[in-house]
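One structure is given here, and the rest of the page talks about it.
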2 protein chains.
Amino acid sequence: MTAEPRKPYDIDSLTDVALRVFAERGYDGASMDDVARAAGITKASIYHHVSGKEELLSRGLGRALDALFAVLDEPESREGRAVARLRHIVYRVADVTLRMLPELTVLVRVRGSSKSEREAVERRRAFDRIVTELIAGAQRDGDIRADVDPRLAARLIFGMSNSVVEWYRSGPLARDAIARAIVTTAFEGICTRV
Amino acid sequence: MTAEPRKPYDIDSLTDVALRVFAERGYDGASMDDVARAAGITKASIYHHVSGKEELLSRGLGRALDALFAVLDEPESREGRAVARLRHIVYRVADVTLRMLPELTVLVRVRGSSKSEREAVERRRAFDRIVTELIAGAQRDGDIRADVDPRLAARLIFGMSNSVVEWYRSGPLARDAIARAIVTTAFEGICTRV
């Protein structure tokens with residue numbers, strides 16, 4: 001095989017590279033030099049495409065949040081009993097997290113220290129509020145236990161699902177098995193039912 | 001009230017200050033200047049007590065891990081049916097996380113980029129292995145469903161519990177209510193049982 005010339009970078013493929021670097025070194029710990037090195041091009045060529053590190057972060061966070069909100073538009077998230085919609089959303093959020101690991105890693109670690117980060121935190125909160133409302137609805141239907149605080153439940157379930165960014169490496173455990181285990185643990189718990 | 005003269009710092013109270021700074025700004029993003037500013041003393045006075053930033057991190061991580069391992073030595077973690085020991089451990093890990101928030105925040109975010117961090121990751125893995133074994137034991141007792149992967153279950157449960165460092169601020173939700181919600185979600189799930 002002869003080495004093929006690499007396709008020139010565009011803004012999307014540069015964002016891919018930057019997200020992998022941010023996920024690995026942390027956004028604060030990563031420099032544009034690191035991104036340039038990972039891309040195998042000069043820093044000047046990167047600045048030809050983007051204004052700086054924050055634009056790359058902002059694009060990555062946008063991708064993650066767009067994917068999460070797209071889940072809410074799926075028919076299974078919009079139709080049927082609240083608890084069934086909720087199960088679908090929790091499964092698909094875990095699935096999106098596993099499929100878009102660099103994007104979600106960066107989103108999960110955001111702490112709101114820049115404008116893009118604060119905007120992402122706001123959008124993420126809006127997402128969590130929608131899920132919290134749905135948990136409250138399922139509770140009114142009698143499908144979710146009355147002693148559950150809907151906001152706390154949303155936080156714990158997404159805490160479980162977000163944690164995959166810390167330990168998942170594509171390997172023997174299939175994505176589908178992990179997403180299903182998250183749904184089972186959240187809704188049924190790990191104990192056998194008596 | 002007249003202002004009391006501040007007690008001179010010792011190594012422990014300096015570690016307290018440093019952990020709050022690390023938890024807020026991230027370890028990589030925090031400098032010894034930030035720690036000195038938060039402590040209200042000069043950087044030179046800090047170096048009188050510690051060799052540098054990594055020693056402060058190492059002491060913080062040591063506190064977090066000592067507290068987690070101490071949970072395993074409690075009688076309720078050592079005696080009785082595996083599932084009951086497990087419930088106790090999950091409750092107490094959540095409780096320790098909420099009580100020692102700066103320490104656990106720093107531990108949860110560690111990615112193993114220095115010697116102290118790698119050692120902490122190793123100790124944390126050893127802790128998770130003990131819990132994984134206990135889940136497998138409870139499964140053999142028939143108390144935990146057979147289709148649960150013990151290692152995955154340990155990761156998901158601690159993922160849920162670790163997530164409190166991202167959102168908990170001492171406020172209306174009492175620590176005990178959160179720790180109990182984590183146990184209930186993990187073992188029984190949020191659905192009503194039919």
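Chain labels A, B, ... are given in the sequence in which chains occur in the structure tokens; within each chain residues are numbered consecutively from 1, and ligands are likewise numbered from 1 in the order shown.
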For chain B, report every residue with an atom at most 8 Å from chain A (counting only C-alpha atoms), formatted as a PDB file with all heavy atoms, in the first residue's frame.
ATOM      1  N   ASP B  28      -5.181  21.269  37.122  1.00  0.00           N
ATOM      2  CA  ASP B  28      -4.289  21.795  36.084  1.00  0.00           C
ATOM      3  C   ASP B  28      -4.426  23.311  35.948  1.00  0.00           C
ATOM      4  O   ASP B  28      -3.449  24.004  35.664  1.00  0.00           O
ATOM      5  CB  ASP B  28      -4.595  21.141  34.721  1.00  0.00           C
ATOM      6  CG  ASP B  28      -4.167  19.689  34.687  1.00  0.00           C
ATOM      7  OD1 ASP B  28      -3.238  19.324  35.442  1.00  0.00           O
ATOM      8  OD2 ASP B  28      -4.765  18.914  33.923  1.00  0.00           O
ATOM      9  N   GLY B  29      -5.641  23.806  36.162  1.00  0.00           N
ATOM     10  CA  GLY B  29      -5.880  25.233  35.989  1.00  0.00           C
ATOM     11  C   GLY B  29      -5.465  26.071  37.195  1.00  0.00           C
ATOM     12  O   GLY B  29      -5.423  27.298  37.115  1.00  0.00           O
ATOM     13  N   GLY B 142     -28.232 -14.831  45.043  1.00  0.00           N
ATOM     14  CA  GLY B 142     -29.546 -14.647  44.416  1.00  0.00           C
ATOM     15  C   GLY B 142     -30.183 -13.302  44.740  1.00  0.00           C
ATOM     16  O   GLY B 142     -31.359 -13.083  44.452  1.00  0.00           O
ATOM     17  N   ASP B 143     -29.425 -12.387  45.363  1.00  0.00           N
ATOM     18  CA  ASP B 143     -29.999 -11.099  45.752  1.00  0.00           C
ATOM     19  C   ASP B 143     -29.843 -10.035  44.674  1.00  0.00           C
ATOM     20  O   ASP B 143     -30.520  -9.009  44.716  1.00  0.00           O
ATOM     21  CB  ASP B 143     -29.331 -10.596  47.045  1.00  0.00           C
ATOM     22  CG  ASP B 143     -29.691 -11.462  48.236  1.00  0.00           C
ATOM     23  OD1 ASP B 143     -30.810 -12.018  48.241  1.00  0.00           O
ATOM     24  OD2 ASP B 143     -28.850 -11.605  49.150  1.00  0.00           O
ATOM     25  N   ILE B 144     -28.915 -10.265  43.757  1.00  0.00           N
ATOM     26  CA  ILE B 144     -28.728  -9.309  42.659  1.00  0.00           C
ATOM     27  C   ILE B 144     -28.954 -10.055  41.362  1.00  0.00           C
ATOM     28  O   ILE B 144     -28.530 -11.209  41.209  1.00  0.00           O
ATOM     29  CB  ILE B 144     -27.334  -8.639  42.756  1.00  0.00           C
ATOM     30  CG1 ILE B 144     -27.384  -7.618  43.906  1.00  0.00           C
ATOM     31  CG2 ILE B 144     -26.924  -7.973  41.443  1.00  0.00           C
ATOM     32  CD1 ILE B 144     -26.180  -6.764  44.064  1.00  0.00           C
ATOM     33  N   ARG B 145     -29.680  -9.375  40.444  1.00  0.00           N
ATOM     34  CA  ARG B 145     -30.100 -10.067  39.224  1.00  0.00           C
ATOM     35  C   ARG B 145     -28.910 -10.640  38.446  1.00  0.00           C
ATOM     36  O   ARG B 145     -27.830 -10.049  38.386  1.00  0.00           O
ATOM     37  CB  ARG B 145     -30.940  -9.149  38.352  1.00  0.00           C
ATOM     38  CG  ARG B 145     -30.353  -7.772  38.133  1.00  0.00           C
ATOM     39  CD  ARG B 145     -31.144  -6.971  37.120  1.00  0.00           C
ATOM     40  NE  ARG B 145     -32.239  -6.232  37.731  1.00  0.00           N
ATOM     41  CZ  ARG B 145     -33.481  -6.235  37.280  1.00  0.00           C
ATOM     42  NH1 ARG B 145     -33.793  -6.942  36.218  1.00  0.00           N
ATOM     43  NH2 ARG B 145     -34.408  -5.527  37.858  1.00  0.00           N
ATOM     44  N   VAL B 148     -26.788  -8.801  35.522  1.00  0.00           N
ATOM     45  CA  VAL B 148     -25.968  -7.627  35.822  1.00  0.00           C
ATOM     46  C   VAL B 148     -24.489  -8.016  35.725  1.00  0.00           C
ATOM     47  O   VAL B 148     -24.085  -9.032  36.274  1.00  0.00           O
ATOM     48  CB  VAL B 148     -26.297  -7.123  37.249  1.00  0.00           C
ATOM     49  CG1 VAL B 148     -25.236  -6.163  37.759  1.00  0.00           C
ATOM     50  CG2 VAL B 148     -27.675  -6.480  37.280  1.00  0.00           C
ATOM     51  N   LEU B 152     -19.479  -3.624  35.642  1.00  0.00           N
ATOM     52  CA  LEU B 152     -20.264  -2.527  35.067  1.00  0.00           C
ATOM     53  C   LEU B 152     -21.179  -1.909  36.126  1.00  0.00           C
ATOM     54  O   LEU B 152     -21.285  -0.680  36.239  1.00  0.00           O
ATOM     55  CB  LEU B 152     -21.075  -3.048  33.873  1.00  0.00           C
ATOM     56  CG  LEU B 152     -21.987  -2.066  33.149  1.00  0.00           C
ATOM     57  CD1 LEU B 152     -21.236  -0.829  32.676  1.00  0.00           C
ATOM     58  CD2 LEU B 152     -22.671  -2.752  31.953  1.00  0.00           C
ATOM     59  N   ALA B 153     -21.803  -2.765  36.944  1.00  0.00           N
ATOM     60  CA  ALA B 153     -22.697  -2.261  37.993  1.00  0.00           C
ATOM     61  C   ALA B 153     -21.924  -1.377  38.975  1.00  0.00           C
ATOM     62  O   ALA B 153     -22.398  -0.300  39.357  1.00  0.00           O
ATOM     63  CB  ALA B 153     -23.362  -3.423  38.726  1.00  0.00           C
ATOM     64  N   ARG B 155     -19.250   0.353  38.375  1.00  0.00           N
ATOM     65  CA  ARG B 155     -18.943   1.617  37.698  1.00  0.00           C
ATOM     66  C   ARG B 155     -20.149   2.532  37.632  1.00  0.00           C
ATOM     67  O   ARG B 155     -20.031   3.740  37.832  1.00  0.00           O
ATOM     68  CB  ARG B 155     -18.458   1.332  36.277  1.00  0.00           C
ATOM     69  CG  ARG B 155     -17.029   0.885  36.267  1.00  0.00           C
ATOM     70  CD  ARG B 155     -16.627   0.414  34.886  1.00  0.00           C
ATOM     71  NE  ARG B 155     -15.184   0.463  34.765  1.00  0.00           N
ATOM     72  CZ  ARG B 155     -14.497  -0.136  33.803  1.00  0.00           C
ATOM     73  NH1 ARG B 155     -15.135  -0.808  32.870  1.00  0.00           N
ATOM     74  NH2 ARG B 155     -13.187  -0.049  33.768  1.00  0.00           N
ATOM     75  N   LEU B 156     -21.309   1.971  37.319  1.00  0.00           N
ATOM     76  CA  LEU B 156     -22.508   2.805  37.188  1.00  0.00           C
ATOM     77  C   LEU B 156     -22.925   3.379  38.536  1.00  0.00           C
ATOM     78  O   LEU B 156     -23.284   4.552  38.645  1.00  0.00           O
ATOM     79  CB  LEU B 156     -23.650   2.007  36.561  1.00  0.00           C
ATOM     80  CG  LEU B 156     -23.417   1.557  35.107  1.00  0.00           C
ATOM     81  CD1 LEU B 156     -24.618   0.772  34.604  1.00  0.00           C
ATOM     82  CD2 LEU B 156     -23.127   2.744  34.185  1.00  0.00           C
ATOM     83  N   ILE B 157     -22.868   2.545  39.570  1.00  0.00           N
ATOM     84  CA  ILE B 157     -23.281   3.023  40.897  1.00  0.00           C
ATOM     85  C   ILE B 157     -22.333   4.120  41.382  1.00  0.00           C
ATOM     86  O   ILE B 157     -22.772   5.162  41.867  1.00  0.00           O
ATOM     87  CB  ILE B 157     -23.360   1.850  41.904  1.00  0.00           C
ATOM     88  CG1 ILE B 157     -24.501   0.912  41.499  1.00  0.00           C
ATOM     89  CG2 ILE B 157     -23.553   2.372  43.319  1.00  0.00           C
ATOM     90  CD1 ILE B 157     -24.508  -0.403  42.252  1.00  0.00           C
ATOM     91  N   PHE B 158     -21.038   3.906  41.229  1.00  0.00           N
ATOM     92  CA  PHE B 158     -20.113   4.953  41.670  1.00  0.00           C
ATOM     93  C   PHE B 158     -20.159   6.159  40.724  1.00  0.00           C
ATOM     94  O   PHE B 158     -19.886   7.283  41.137  1.00  0.00           O
ATOM     95  CB  PHE B 158     -18.695   4.407  41.843  1.00  0.00           C
ATOM     96  CG  PHE B 158     -18.584   3.470  43.019  1.00  0.00           C
ATOM     97  CD1 PHE B 158     -17.943   2.251  42.900  1.00  0.00           C
ATOM     98  CD2 PHE B 158     -19.138   3.805  44.242  1.00  0.00           C
ATOM     99  CE1 PHE B 158     -17.861   1.383  43.980  1.00  0.00           C
ATOM    100  CE2 PHE B 158     -19.067   2.945  45.328  1.00  0.00           C
ATOM    101  CZ  PHE B 158     -18.424   1.724  45.195  1.00  0.00           C
ATOM    102  N   GLY B 159     -20.533   5.925  39.474  1.00  0.00           N
ATOM    103  CA  GLY B 159     -20.709   7.050  38.552  1.00  0.00           C
ATOM    104  C   GLY B 159     -21.808   7.973  39.062  1.00  0.00           C
ATOM    105  O   GLY B 159     -21.686   9.197  39.064  1.00  0.00           O
ATOM    106  N   MET B 160     -22.887   7.349  39.524  1.00  0.00           N
ATOM    107  CA  MET B 160     -24.008   8.094  40.083  1.00  0.00           C
ATOM    108  C   MET B 160     -23.550   8.864  41.328  1.00  0.00           C
ATOM    109  O   MET B 160     -23.818  10.054  41.485  1.00  0.00           O
ATOM    110  CB  MET B 160     -25.077   7.059  40.455  1.00  0.00           C
ATOM    111  CG  MET B 160     -26.369   7.596  40.881  1.00  0.00           C
ATOM    112  SD  MET B 160     -27.712   6.403  40.535  1.00  0.00           S
ATOM    113  CE  MET B 160     -27.192   4.938  41.413  1.00  0.00           C
ATOM    114  N   SER B 161     -22.843   8.155  42.189  1.00  0.00           N
ATOM    115  CA  SER B 161     -22.402   8.731  43.456  1.00  0.00           C
ATOM    116  C   SER B 161     -21.333   9.820  43.232  1.00  0.00           C
ATOM    117  O   SER B 161     -21.374  10.891  43.840  1.00  0.00           O
ATOM    118  CB  SER B 161     -21.907   7.560  44.298  1.00  0.00           C
ATOM    119  OG  SER B 161     -21.231   7.945  45.419  1.00  0.00           O
ATOM    120  N   ASN B 162     -20.402   9.586  42.317  1.00  0.00           N
ATOM    121  CA  ASN B 162     -19.374  10.591  42.015  1.00  0.00           C
ATOM    122  C   ASN B 162     -19.982  11.863  41.442  1.00  0.00           C
ATOM    123  O   ASN B 162     -19.426  12.944  41.601  1.00  0.00           O
ATOM    124  CB  ASN B 162     -18.377  10.053  40.976  1.00  0.00           C
ATOM    125  CG  ASN B 162     -17.442   9.002  41.547  1.00  0.00           C
ATOM    126  OD1 ASN B 162     -17.295   8.879  42.764  1.00  0.00           O
ATOM    127  ND2 ASN B 162     -16.813   8.232  40.674  1.00  0.00           N
ATOM    128  N   SER B 163     -21.131  11.716  40.743  1.00  0.00           N
ATOM    129  CA  SER B 163     -21.694  12.875  40.053  1.00  0.00           C
ATOM    130  C   SER B 163     -22.096  13.981  41.025  1.00  0.00           C
ATOM    131  O   SER B 163     -22.223  15.135  40.631  1.00  0.00           O
ATOM    132  CB  SER B 163     -22.897  12.470  39.193  1.00  0.00           C
ATOM    133  OG  SER B 163     -24.053  12.276  39.990  1.00  0.00           O
ATOM    134  N   VAL B 164     -22.277  13.645  42.297  1.00  0.00           N
ATOM    135  CA  VAL B 164     -22.677  14.692  43.245  1.00  0.00           C
ATOM    136  C   VAL B 164     -21.627  15.805  43.333  1.00  0.00           C
ATOM    137  O   VAL B 164     -21.976  16.955  43.597  1.00  0.00           O
ATOM    138  CB  VAL B 164     -23.014  14.166  44.677  1.00  0.00           C
ATOM    139  CG1 VAL B 164     -24.061  13.096  44.625  1.00  0.00           C
ATOM    140  CG2 VAL B 164     -21.791  13.708  45.422  1.00  0.00           C
ATOM    141  N   ILE B 178     -29.914  12.527  49.867  1.00  0.00           N
ATOM    142  CA  ILE B 178     -29.224  12.219  48.611  1.00  0.00           C
ATOM    143  C   ILE B 178     -28.598  10.826  48.676  1.00  0.00           C
ATOM    144  O   ILE B 178     -28.750  10.024  47.749  1.00  0.00           O
ATOM    145  CB  ILE B 178     -28.142  13.288  48.306  1.00  0.00           C
ATOM    146  CG1 ILE B 178     -28.798  14.651  48.090  1.00  0.00           C
ATOM    147  CG2 ILE B 178     -27.320  12.891  47.080  1.00  0.00           C
ATOM    148  CD1 ILE B 178     -27.807  15.808  47.969  1.00  0.00           C
ATOM    149  N   ALA B 181     -31.260   8.294  48.338  1.00  0.00           N
ATOM    150  CA  ALA B 181     -31.778   8.216  46.960  1.00  0.00           C
ATOM    151  C   ALA B 181     -30.822   7.425  46.063  1.00  0.00           C
ATOM    152  O   ALA B 181     -31.256   6.684  45.179  1.00  0.00           O
ATOM    153  CB  ALA B 181     -32.004   9.618  46.404  1.00  0.00           C
ATOM    154  N   ILE B 182     -29.539   7.565  46.304  1.00  0.00           N
ATOM    155  CA  ILE B 182     -28.562   6.811  45.506  1.00  0.00           C
ATOM    156  C   ILE B 182     -28.716   5.311  45.776  1.00  0.00           C
ATOM    157  O   ILE B 182     -28.738   4.500  44.850  1.00  0.00           O
ATOM    158  CB  ILE B 182     -27.126   7.311  45.804  1.00  0.00           C
ATOM    159  CG1 ILE B 182     -26.946   8.716  45.202  1.00  0.00           C
ATOM    160  CG2 ILE B 182     -26.070   6.333  45.277  1.00  0.00           C
ATOM    161  CD1 ILE B 182     -25.658   9.421  45.578  1.00  0.00           C
ATOM    162  N   THR B 184     -31.417   3.735  46.915  1.00  0.00           N
ATOM    163  CA  THR B 184     -32.704   3.278  46.379  1.00  0.00           C
ATOM    164  C   THR B 184     -32.633   3.120  44.856  1.00  0.00           C
ATOM    165  O   THR B 184     -33.071   2.103  44.308  1.00  0.00           O
ATOM    166  CB  THR B 184     -33.834   4.274  46.737  1.00  0.00           C
ATOM    167  OG1 THR B 184     -33.833   4.458  48.145  1.00  0.00           O
ATOM    168  CG2 THR B 184     -35.185   3.759  46.289  1.00  0.00           C
ATOM    169  N   THR B 185     -32.095   4.140  44.178  1.00  0.00           N
ATOM    170  CA  THR B 185     -32.026   4.054  42.722  1.00  0.00           C
ATOM    171  C   THR B 185     -31.181   2.860  42.300  1.00  0.00           C
ATOM    172  O   THR B 185     -31.586   2.071  41.437  1.00  0.00           O
ATOM    173  CB  THR B 185     -31.448   5.364  42.132  1.00  0.00           C
ATOM    174  OG1 THR B 185     -32.220   6.459  42.615  1.00  0.00           O
ATOM    175  CG2 THR B 185     -31.473   5.354  40.610  1.00  0.00           C
ATOM    176  N   ALA B 186     -30.023   2.701  42.918  1.00  0.00           N
ATOM    177  CA  ALA B 186     -29.126   1.619  42.510  1.00  0.00           C
ATOM    178  C   ALA B 186     -29.729   0.242  42.758  1.00  0.00           C
ATOM    179  O   ALA B 186     -29.661  -0.643  41.909  1.00  0.00           O
ATOM    180  CB  ALA B 186     -27.790   1.740  43.254  1.00  0.00           C
ATOM    181  N   PHE B 187     -30.359   0.049  43.907  1.00  0.00           N
ATOM    182  CA  PHE B 187     -30.799  -1.302  44.270  1.00  0.00           C
ATOM    183  C   PHE B 187     -32.243  -1.592  43.857  1.00  0.00           C
ATOM    184  O   PHE B 187     -32.543  -2.703  43.435  1.00  0.00           O
ATOM    185  CB  PHE B 187     -30.588  -1.551  45.771  1.00  0.00           C
ATOM    186  CG  PHE B 187     -29.130  -1.632  46.132  1.00  0.00           C
ATOM    187  CD1 PHE B 187     -28.422  -0.497  46.490  1.00  0.00           C
ATOM    188  CD2 PHE B 187     -28.449  -2.842  46.043  1.00  0.00           C
ATOM    189  CE1 PHE B 187     -27.062  -0.556  46.788  1.00  0.00           C
ATOM    190  CE2 PHE B 187     -27.094  -2.919  46.343  1.00  0.00           C
ATOM    191  CZ  PHE B 187     -26.398  -1.771  46.712  1.00  0.00           C
ATOM    192  N   GLU B 188     -33.126  -0.598  43.977  1.00  0.00           N
ATOM    193  CA  GLU B 188     -34.541  -0.846  43.640  1.00  0.00           C
ATOM    194  C   GLU B 188     -34.984  -0.188  42.329  1.00  0.00           C
ATOM    195  O   GLU B 188     -35.994  -0.576  41.761  1.00  0.00           O
ATOM    196  CB  GLU B 188     -35.458  -0.351  44.760  1.00  0.00           C
ATOM    197  CG  GLU B 188     -35.689  -1.397  45.839  1.00  0.00           C
ATOM    198  CD  GLU B 188     -34.536  -1.496  46.804  1.00  0.00           C
ATOM    199  OE1 GLU B 188     -34.041  -0.447  47.256  1.00  0.00           O
ATOM    200  OE2 GLU B 188     -34.096  -2.626  47.090  1.00  0.00           O
ATOM    201  N   GLY B 189     -34.244   0.832  41.871  1.00  0.00           N
ATOM    202  CA  GLY B 189     -34.674   1.564  40.680  1.00  0.00           C
ATOM    203  C   GLY B 189     -35.765   2.558  41.027  1.00  0.00           C
ATOM    204  O   GLY B 189     -36.354   2.489  42.108  1.00  0.00           O
ATOM    205  N   ILE B 190     -36.045   3.456  40.086  1.00  0.00           N
ATOM    206  CA  ILE B 190     -37.012   4.514  40.402  1.00  0.00           C
ATOM    207  C   ILE B 190     -38.461   4.104  40.107  1.00  0.00           C
ATOM    208  O   ILE B 190     -39.385   4.774  40.520  1.00  0.00           O
ATOM    209  CB  ILE B 190     -36.682   5.849  39.679  1.00  0.00           C
ATOM    210  CG1 ILE B 190     -36.781   5.722  38.154  1.00  0.00           C
ATOM    211  CG2 ILE B 190     -35.295   6.362  40.073  1.00  0.00           C
ATOM    212  CD1 ILE B 190     -36.703   7.071  37.436  1.00  0.00           C
ATOM    213  N   CYS B 191     -38.648   3.008  39.378  1.00  0.00           N
ATOM    214  CA  CYS B 191     -40.017   2.597  39.056  1.00  0.00           C
ATOM    215  C   CYS B 191     -40.736   2.020  40.275  1.00  0.00           C
ATOM    216  O   CYS B 191     -40.105   1.441  41.153  1.00  0.00           O
ATOM    217  CB  CYS B 191     -40.006   1.537  37.953  1.00  0.00           C
ATOM    218  SG  CYS B 191     -39.795   2.264  36.328  1.00  0.00           S
ATOM    219  N   THR B 192     -42.039   2.168  40.285  1.00  0.00           N
ATOM    220  CA  THR B 192     -42.827   1.473  41.289  1.00  0.00           C
ATOM    221  C   THR B 192     -42.758  -0.021  40.980  1.00  0.00           C
ATOM    222  O   THR B 192     -42.618  -0.415  39.824  1.00  0.00           O
ATOM    223  CB  THR B 192     -44.297   1.938  41.244  1.00  0.00           C
ATOM    224  OG1 THR B 192     -44.716   1.961  39.873  1.00  0.00           O
ATOM    225  CG2 THR B 192     -44.441   3.336  41.807  1.00  0.00           C
TER     226      THR B 192
END
Superposing chain A on chain B using every C-alpha atom, matched in order, leaves an RMSD of 0.1 Å
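For the pair atom CA of Thr105 of chain B and atom CA of Ala30 of chain A, the interatomic distance is 20.7 Å.
Residues surrounding Arg180 of chain B within 10 Å are Arg87, Val90, Tyr91, Arg92, Ala94, Asp95, Arg175, Asp176, Thr184, Thr185 and Ala186 of chain B [only C-alpha atoms; sequence separation below 4 positions excluded].
Here atom CA of Leu65 of chain A and atom CA of Ser170 of chain A stand 22.1 Å from one another.
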From A:Ala154, A:Ala64, A:Ala38, A:Ala120, residue lying nearest Leu98 of chain A [only C-alpha atoms]: A:Ala64
Surrounding residues of Arg123 of chain B excluding itself and chain neighbours under 3 positions, 10 Å, only C-alpha atoms, as number ranges by chain: B: 61-62, 65-66, 69, 117-120, 126-129
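Excluding Val17 of chain B itself and same-chain residues fewer than 6 positions from it, the residues having an atom within 10 Å of it are Tyr9, Asp34, Val35, Ala36, Arg37, Ala38, Ala39, Leu56 and Pro102 of chain B, counting only C-alpha atoms.
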